[in-house]
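*Asks:* Following this line is structure-v8.txt, made up of compact mmCIF, C-alpha atoms:
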# COMPACT_ATOMS: atom_id res chain seq x y z
CA MET A 56 97.56 26.16 47.32
CA ALA A 57 98.96 23.09 45.60
CA PHE A 58 97.50 19.74 44.65
CA VAL A 59 99.45 16.77 45.96
CA SER A 60 98.66 13.04 46.01
CA CYS A 61 95.42 11.16 45.37
CA GLN A 62 93.59 8.93 47.82
CA SER A 63 91.16 6.12 47.05
CA ASP A 64 89.43 3.32 48.93
CA ASP A 65 87.80 0.02 48.00
CA ASP A 66 84.45 1.71 47.40
CA GLY A 67 85.92 3.88 44.72
CA TYR A 68 85.83 7.07 46.78
CA THR A 69 88.48 9.33 45.31
CA ASN A 70 89.47 12.81 46.33
CA ILE A 71 92.59 14.91 45.91
CA PRO A 72 94.23 16.30 49.05
CA VAL A 73 95.31 19.91 48.90
CA GLU A 74 98.33 21.30 50.70
CA LEU A 75 97.86 24.77 52.15
CA GLU A 76 100.68 27.03 51.03
CA VAL A 77 101.53 29.24 54.02
CA PRO A 78 103.59 32.36 53.28
CA ALA A 79 106.94 32.25 55.06
CA HIS A 80 106.39 35.60 56.79
CA PHE A 81 102.94 34.66 58.14
CA PRO A 82 102.19 33.35 61.63
CA GLU A 83 101.31 29.69 62.16
CA VAL A 84 97.97 28.33 61.02
CA THR A 85 95.48 28.17 63.88
CA TYR A 86 92.80 26.18 62.05
CA ASN A 87 92.91 22.44 62.78
CA LEU A 88 93.67 21.03 59.34
CA ALA A 89 94.02 17.53 60.79
CA HIS A 90 90.36 17.65 61.80
CA ASN A 91 89.23 18.91 58.40
CA PRO A 92 91.86 18.07 55.77
CA LEU A 93 91.67 20.17 52.65
CA THR A 94 90.62 18.41 49.47
CA LYS A 95 89.95 19.58 45.94
CA ASN A 96 86.32 18.49 46.05
CA GLY A 97 85.76 19.86 49.54
CA ILE A 98 87.08 23.29 48.57
CA GLU A 99 85.01 23.35 45.39
CA LEU A 100 81.89 22.41 47.34
CA GLY A 101 82.68 25.14 49.87
CA ARG A 102 82.98 27.70 47.11
CA LYS A 103 79.62 26.70 45.65
CA LEU A 104 78.02 26.93 49.09
CA PHE A 105 79.63 30.34 49.70
CA TYR A 106 77.68 31.69 46.73
CA GLU A 107 74.51 29.64 47.36
CA GLY A 108 71.39 31.72 47.97
CA ALA A 109 69.55 28.79 49.56
CA VAL A 110 71.38 29.47 52.82
CA SER A 111 68.94 32.37 53.36
CA SER A 112 65.21 32.25 54.05
CA THR A 113 64.43 34.14 50.83
CA GLY A 114 66.82 32.12 48.68
CA THR A 115 68.47 35.31 47.48
CA VAL A 116 71.21 36.15 50.00
CA SER A 117 74.45 34.16 50.00
CA CYS A 118 77.71 34.65 51.87
CA GLY A 119 79.00 36.26 48.69
CA THR A 120 76.22 38.86 48.75
CA CYS A 121 77.84 40.78 51.60
CA HIS A 122 81.36 39.45 51.07
CA GLU A 123 82.32 40.68 47.58
CA GLN A 124 85.67 39.54 46.24
CA LYS A 125 86.80 42.79 44.61
CA TYR A 126 86.42 44.49 47.98
CA ALA A 127 88.37 41.84 49.92
CA PHE A 128 85.07 40.08 50.60
CA THR A 129 83.46 43.03 52.40
CA HIS A 130 80.27 44.93 51.60
CA HIS A 131 82.05 48.00 50.27
CA GLY A 132 80.09 51.23 50.47
CA HIS A 133 77.56 49.88 52.98
CA THR A 134 77.80 51.17 56.54
CA PHE A 135 76.03 48.07 57.85
CA SER A 136 75.49 44.62 56.40
CA HIS A 137 72.29 44.09 54.41
CA GLY A 138 70.36 40.84 54.67
CA VAL A 139 67.09 39.30 53.56
CA ASN A 140 64.35 41.70 52.47
CA ASP A 141 67.01 44.43 52.54
CA LEU A 142 67.02 44.43 56.34
CA GLU A 143 69.98 46.25 57.84
CA GLY A 144 72.30 44.95 60.53
CA THR A 145 74.16 46.96 63.14
CA ARG A 146 77.78 46.32 62.17
CA ASN A 147 80.00 46.77 59.15
CA THR A 148 80.76 43.59 57.21
CA PRO A 149 84.29 42.32 58.06
CA PRO A 150 86.56 40.90 55.33
CA VAL A 151 86.96 37.20 54.67
CA GLN A 152 90.72 36.75 54.29
CA ASN A 153 93.47 34.83 56.06
CA MET A 154 90.87 33.05 58.18
CA ALA A 155 93.19 30.07 58.73
CA PHE A 156 95.36 32.21 61.01
CA LEU A 157 92.67 33.72 63.23
CA GLU A 158 91.59 32.66 66.71
CA ASN A 159 88.29 34.57 66.95
CA PHE A 160 85.69 35.65 64.44
CA ALA A 161 83.26 38.57 64.18
CA TRP A 162 83.76 42.04 65.65
CA ASP A 163 82.99 40.78 69.15
CA GLY A 164 84.63 37.37 68.84
CA ALA A 165 81.27 35.63 69.06
CA THR A 166 82.90 32.34 68.06
CA GLY A 167 86.41 30.98 68.31
CA HIS A 168 86.00 28.36 65.60
CA LEU A 169 85.79 28.92 61.88
CA ASP A 170 83.47 25.92 61.45
CA LEU A 171 80.84 27.69 63.57
CA PHE A 172 81.28 31.16 62.11
CA PRO A 173 78.71 30.77 59.27
CA VAL A 174 76.03 29.79 61.78
CA ILE A 175 75.94 33.39 63.04
CA PRO A 176 74.89 35.13 59.79
CA ILE A 177 72.69 32.20 58.72
CA THR A 178 70.59 32.36 61.88
CA THR A 179 70.59 36.14 62.41
CA GLU A 180 67.19 37.62 61.54
CA VAL A 181 68.56 40.69 59.72
CA GLU A 182 71.10 38.67 57.74
CA MET A 183 69.99 35.28 56.37
CA ASP A 184 67.17 34.55 58.83
CA GLU A 185 67.37 30.80 58.35
CA THR A 186 68.12 27.62 60.29
CA LEU A 187 70.75 25.02 59.49
CA GLU A 188 68.00 22.39 59.39
CA ASN A 189 66.15 24.27 56.67
CA VAL A 190 69.35 24.98 54.75
CA ILE A 191 70.22 21.29 54.61
CA ALA A 192 66.66 20.37 53.61
CA LYS A 193 66.82 22.82 50.71
CA LEU A 194 70.24 21.59 49.59
CA LYS A 195 68.98 18.01 49.53
CA ASN A 196 66.27 19.10 47.10
CA LYS A 197 68.60 20.99 44.77
CA PRO A 198 70.21 19.29 41.77
CA ASP A 199 73.88 18.27 42.03
CA TYR A 200 74.40 18.64 45.78
CA LYS A 201 74.03 14.94 46.59
CA ALA A 202 76.84 14.13 44.14
CA LEU A 203 78.96 17.07 45.27
CA PHE A 204 78.80 16.08 48.95
CA ALA A 205 79.51 12.46 48.03
CA ALA A 206 82.60 13.57 46.11
CA ALA A 207 83.81 15.81 48.92
CA PHE A 208 83.30 13.61 52.00
CA GLU A 209 83.78 9.91 52.54
CA ASP A 210 80.42 9.47 54.26
CA GLY A 211 78.77 11.41 51.42
CA GLU A 212 76.12 12.87 53.68
CA VAL A 213 74.37 16.15 52.91
CA ASN A 214 74.28 17.32 56.52
CA SER A 215 75.15 20.36 58.62
CA GLU A 216 78.54 19.01 59.69
CA ASN A 217 79.77 18.50 56.14
CA PHE A 218 78.15 21.76 55.07
CA LEU A 219 80.18 23.71 57.65
CA LEU A 220 83.36 21.73 57.00
CA ALA A 221 83.17 22.48 53.27
CA LEU A 222 82.68 26.20 53.89
CA SER A 223 85.70 26.17 56.20
CA GLN A 224 87.85 24.39 53.62
CA PHE A 225 87.06 27.11 51.11
CA MET A 226 87.64 29.98 53.54
CA VAL A 227 90.90 28.47 54.82
CA THR A 228 92.36 28.71 51.32
CA MET A 229 91.49 32.42 51.02
CA ILE A 230 94.97 33.72 51.81
CA SER A 231 95.90 37.28 50.89
CA ALA A 232 99.68 37.57 50.78
CA ASP A 233 100.66 38.99 47.40
CA ALA A 234 100.47 42.74 47.95
CA LYS A 235 103.32 45.14 47.17
CA TYR A 236 104.24 44.95 50.85
CA ASP A 237 104.67 41.17 50.60
CA LYS A 238 106.87 41.57 47.54
CA TYR A 239 108.90 44.13 49.51
CA ILE A 240 109.28 41.72 52.43
CA ASN A 241 110.47 39.07 49.98
CA ASN A 242 112.99 41.47 48.40
CA GLN A 243 111.18 41.49 45.08
CA VAL A 244 110.39 45.22 44.92
CA GLN A 245 111.35 48.43 46.66
CA LEU A 246 108.98 50.84 48.33
CA THR A 247 108.87 54.42 47.13
CA GLU A 248 110.28 57.10 49.38
CA ILE A 249 106.88 58.11 50.73
CA GLU A 250 105.81 54.48 51.20
CA GLN A 251 109.01 53.83 53.14
CA GLN A 252 108.34 56.88 55.30
CA GLY A 253 104.84 55.60 55.88
CA LEU A 254 106.15 52.19 56.91
CA VAL A 255 108.45 53.75 59.50
CA LEU A 256 105.60 55.87 60.88
CA PHE A 257 103.27 52.87 60.85
CA GLU A 258 105.75 50.83 62.89
CA GLN A 259 106.07 53.69 65.37
CA LYS A 260 102.40 54.58 65.74
CA CYS A 261 100.20 51.69 64.58
CA ALA A 262 102.00 48.34 64.73
CA SER A 263 101.40 47.73 68.45
CA CYS A 264 97.85 46.69 67.59
CA HIS A 265 98.08 46.06 63.86
CA ALA A 266 100.82 43.51 64.33
CA THR A 267 102.34 40.59 62.40
CA ALA A 268 101.89 39.93 58.70
CA LEU A 269 98.14 39.81 59.36
CA PHE A 270 98.26 43.47 60.45
CA SER A 271 96.19 42.63 63.52
CA ASP A 272 97.15 41.18 66.87
CA GLY A 273 93.70 39.61 67.15
CA SER A 274 92.92 41.41 70.40
CA PHE A 275 89.80 43.29 71.45
CA ARG A 276 90.26 46.96 72.28
CA ASN A 277 88.30 50.12 72.93
CA ASN A 278 89.79 52.55 70.44
CA GLY A 279 87.99 55.61 71.73
CA LEU A 280 85.02 55.86 69.39
CA GLN A 281 82.10 57.84 70.71
CA PRO A 282 79.38 55.17 71.16
CA ASN A 283 76.53 55.36 68.67
CA THR A 284 73.62 56.30 70.95
CA LYS A 285 71.09 54.69 68.60
CA LEU A 286 72.83 51.32 68.88
CA ASN A 287 74.87 51.42 72.10
CA ASP A 288 76.81 48.44 70.82
CA LEU A 289 78.80 47.14 73.79
CA GLY A 290 81.04 44.96 71.62
CA ARG A 291 83.05 42.22 73.30
CA SER A 292 81.14 42.42 76.60
CA VAL A 293 78.03 41.12 74.81
CA VAL A 294 79.96 37.85 74.50
CA THR A 295 81.91 37.79 77.77
CA GLY A 296 79.42 39.53 80.07
CA PHE A 297 82.26 41.51 81.64
CA ALA A 298 81.91 45.27 82.03
CA GLU A 299 85.64 45.67 81.48
CA ASP A 300 85.02 44.56 77.88
CA ASN A 301 82.50 47.32 77.16
CA TYR A 302 83.04 48.98 73.77
CA LYS A 303 85.91 46.70 72.88
CA PHE A 304 85.99 45.36 69.33
CA LYS A 305 88.41 43.14 67.48
CA VAL A 306 91.41 44.91 65.99
CA PRO A 307 90.77 44.56 62.24
CA SER A 308 93.38 43.49 59.76
CA LEU A 309 94.63 46.31 57.56
CA ARG A 310 95.27 44.08 54.57
CA ASN A 311 93.38 45.37 51.54
CA ILE A 312 92.24 48.28 53.69
CA ALA A 313 92.21 50.69 50.74
CA VAL A 314 89.28 48.81 49.15
CA THR A 315 87.18 48.03 52.23
CA ALA A 316 85.63 51.38 53.16
CA PRO A 317 83.71 52.35 55.23
CA TYR A 318 85.74 51.75 58.37
CA MET A 319 85.26 50.78 62.03
CA HIS A 320 82.76 48.25 63.38
CA ASP A 321 79.91 50.63 62.60
CA GLY A 322 81.28 51.93 59.30
CA ARG A 323 81.26 55.53 60.51
CA PHE A 324 84.32 56.69 58.56
CA GLY A 325 84.32 56.78 54.80
CA SER A 326 88.04 57.31 54.22
CA LEU A 327 91.43 56.46 55.64
CA GLU A 328 92.06 60.17 56.03
CA ALA A 329 89.07 60.37 58.37
CA VAL A 330 90.31 57.37 60.36
CA LEU A 331 93.75 58.87 60.96
CA ALA A 332 92.26 62.26 61.79
CA PHE A 333 90.06 60.56 64.38
CA TYR A 334 93.03 58.90 66.05
CA ASP A 335 94.84 62.24 66.08
CA SER A 336 92.11 64.37 67.64
CA GLY A 337 88.82 62.49 68.02
CA VAL A 338 89.47 59.80 70.61
CA VAL A 339 86.95 59.88 73.48
CA ASP A 340 87.95 58.87 76.99
CA SER A 341 86.16 56.12 78.90
CA GLN A 342 86.85 53.55 81.59
CA THR A 343 87.80 50.88 79.07
CA LEU A 344 89.82 53.03 76.67
CA ASP A 345 92.90 51.16 75.53
CA PRO A 346 95.98 52.32 77.49
CA LEU A 347 97.96 52.66 74.26
CA LEU A 348 95.70 55.58 73.35
CA ARG A 349 96.48 57.45 76.54
CA SER A 350 99.75 59.37 76.83
CA GLY A 351 99.69 61.61 79.87
CA GLU A 352 96.74 63.93 79.41
CA ARG A 353 96.72 63.49 75.65
CA LEU A 354 94.44 60.91 74.03
CA GLY A 355 94.95 59.28 70.67
CA ILE A 356 97.87 59.03 68.26
CA ALA A 357 99.39 62.33 67.20
CA THR A 358 100.11 62.73 63.50
CA THR A 359 100.74 65.67 61.22
CA ALA A 360 98.97 66.07 57.89
CA GLU A 361 102.20 65.09 56.12
CA GLU A 362 102.59 62.00 58.26
CA ARG A 363 99.05 60.90 57.52
CA VAL A 364 99.71 61.15 53.78
CA ALA A 365 102.76 58.93 54.18
CA ILE A 366 100.96 56.37 56.34
CA ILE A 367 98.16 56.08 53.79
CA ALA A 368 100.72 55.65 51.02
CA PHE A 369 102.07 52.69 52.97
CA LEU A 370 98.60 51.29 53.65
CA ASN A 371 97.99 51.29 49.91
CA THR A 372 100.85 48.80 49.56
CA LEU A 373 98.69 46.27 51.43
CA THR A 374 96.25 45.92 48.52
CA ASP A 375 96.54 42.42 47.05
CA ASN A 376 95.14 42.57 43.52
CA THR A 377 95.89 38.90 43.00
CA PHE A 378 93.58 38.01 45.88
CA LEU A 379 90.90 40.42 44.68
CA THR A 380 90.75 38.78 41.26
CA ASP A 381 91.78 35.16 41.95
CA GLU A 382 89.36 32.88 40.08
CA ARG A 383 89.74 30.20 42.78
CA PHE A 384 87.68 32.41 45.07
CA SER A 385 85.18 33.74 42.57
CA GLU A 386 81.67 32.61 41.78
CA LYS A 387 81.57 30.32 38.77
Let's see the structure in the file written out as structure tokens.
*Replies:*
Amino acid sequence: MAFVSCQSDDDGYTNIPVELEVPAHFPEVTYNLAHNPLTKNGIELGRKLFYEGAVSSTGTVSCGTCHEQKYAFTHHGHTFSHGVNDLEGTRNTPPVQNMAFLENFAWDGATGHLDLFPVIPITTEVEMDETLENVIAKLKNKPDYKALFAAAFEDGEVNSENFLLALSQFMVTMISADAKYDKYINNQVQLTEIEQQGLVLFEQKCASCHATALFSDGSFRNNGLQPNTKLNDLGRSVVTGFAEDNYKFKVPSLRNIAVTAPYMHDGRFGSLEAVLAFYDSGVVDSQTLDPLLRSGERLGIATTAEERVAIIAFLNTLTDNTFLTDERFSEK
């Protein structure tokens, strides 16, 4: 992220445009930057709003409550997200990283636009249990926000549109691309022997779904989990209404995976070892099971204990400590 030129008009409105630095080995940005150009003040406002408790009905739960930076903006250690009054959701908190490159958001792809993504947790009863109207009313009554919105947007309005645009500007800049793997791709470091073995195995057994530098192809798949009978979460079909989408969930990115336990949409696995063991021998058949997990009569992805150790060694190279500690993304 780099500051470039300065813009000013006759009314004295001044803001500094920000150029998004896209890693060379990443896919193209999907977010419409022309619609919501990044600016220094817009990003700073978005960061403040990300950590603002007033977005919840109790005034105590912010985006940052469940999206903690040191855990790649997940709720590490919590099977399900926790909201106002310590109410519990039904899905594991996904990471907030590399959002500028995604086409769908949430485990079921409930929205295809980053600007609308925050509306889901804000209005969900077990998360923030609030309305955008109330959020904006509270922000108008808090010190500093009138000036901050005026500095970030030419119309200066404290309204829901600018609120969502500012959050998007902040999240768009949250790029994780400085892990050991990235340095390896850029010929800056070498992988160890076991990490290299893990990379080869990963490309053979995992990369069909966990593709590109994002380590996700963005698709929705049924990966053979036994449905939780207490929840019976149908996944993608809740959004599409199509039975063929039953039990399909978005393929998660594996970036920073070593720090984002527990795993799967319902947080049922506490370790990467358990995840790989599941794919080896725990996959359950169903009508919508992904074809890639069916090889003849065998289900899943066969791995030996030694292979799983190597794959995990490679997955550990996806931890981006720069991202996990970058002050640009922290609460100040």
*Asks:* Within 12 Å of Tyr334 in chain A, counting all atoms listed in the file, which residues show up once you throw out same-chain ones fewer than 6 positions away? Write them as a PyMOL selection string, please.
*Replies:* chain A and resi 260-261+278-281+319+324+327-328+347-349+353-359+363
*Asks:* Name the residues in contact with range 211-222 of chain A at a cut-off of 9 Å, using only C-alpha atoms, excluding same-chain residues fewer than 3 positions from it; report them as an MDAnalysis selection string.
*Replies:* chainID A and resid 91 93 96:105 169:174 187:188 190:192 194:195 200:208 225:227
*Asks:* Which residues come within 10 Å of Cys121 in chain A, counting all atoms listed in the file, excluding same-chain residues fewer than 4 positions away, as a ChimeraX atom specification?
*Replies:* /A:116-117,128-131,133,135-138,147-150,182
*Asks:* Quick one: residues within 12 Å of Thr113 in chain A, all atoms listed in the file counted, chain neighbours fewer than 3 positions away excluded, as a list in words?
*Replies:* Glu107, Gly108, Ala109, Val110, Val116, Ser117, Gly138, Val139, Asn140, Asp141, Leu142, Ile177, Glu180, Val181, Glu182, Met183, Asp184, Glu185, Asn189, Val190 and Lys193 of chain A
*Asks:* Write out as number ranges by chain which residues come within 12 Å of range 239-248 of chain A when counting all atoms listed in the file, dropping same-chain ones fewer than 2 positions away.
*Replies:* A: 78-81, 232-237, 250-255, 268, 365-366, 368-373
*Asks:* Kindly indicate which residue among A:Ile175, A:Ala262, A:Cys118, A:Leu286 lies nearest to Ser308 in chain A, using all atoms listed in the file for the distances.
*Replies:* A:Ala262
*Asks:* Closest to Gly322 in chain A among A:Thr228, A:Thr134, A:Thr166, A:Gln259, using all atoms listed in the file?
*Replies:*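 Closest candidate: A:Thr134.
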*Asks:* What is the distance between CA of Glu352 in chain A and CA of Val338 in chain A, in Å to one decimal?
*Replies:*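 Spanning CA of Glu352 in chain A to CA of Val338 in chain A is a straight-line distance of 12.1 Å.
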*Asks:* Rank A:Pro92, A:Phe333, A:Ala360, A:Pro346 by their smallest atom-to-atom distance to Glu209 in chain A, using only C-alpha atoms, and report the top residue only.
*Replies:* A:Pro92
*Asks:* In terms of the shortest atom-to-atom distance over all atoms listed in the file, which of A:Ala329, A:Leu157, A:Ala127, A:Ala165 is closest to Asn376 in chain A?
*Replies:* A:Ala127
*Asks:* If you measure from CA of Ser274 in chain A to CA of His90 in chain A, what distance in Å do you get, rounded to one decimal?
*Replies:* 25.4 Å
*Asks:* Between CA of Tyr318 in chain A and CA of Arg146 in chain A, what distance in Å does the model show, to one decimal?
*Replies:* 10.4 Å
*Asks:* Using all atoms listed in the file, find the one residue out of A:Thr343, A:Thr380, A:Val306, A:Lys95 that sits nearest to Asp272 in chain A.
*Replies:*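 Once distances to Asp272 in chain A are computed over all atoms listed in the file, the minimum belongs to A:Val306.
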*Asks:* Could you tell me which of A:Gln224, A:Asn283, A:Asn311, A:Asp163 comes closest to Gly296 in chain A if we count only C-alpha atoms?
*Replies:*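 Closest residue, counting only C-alpha atoms: A:Asp163.
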*Asks:* Would you kindly identify which residues have an atom no farther than 6 Å from (88.2, 53.8, 53.4), using only C-alpha atoms and the file's own coordinates, and write them out as an NGL selection string?
*Replies:* :A and (313 or 315-318 or 325-327)
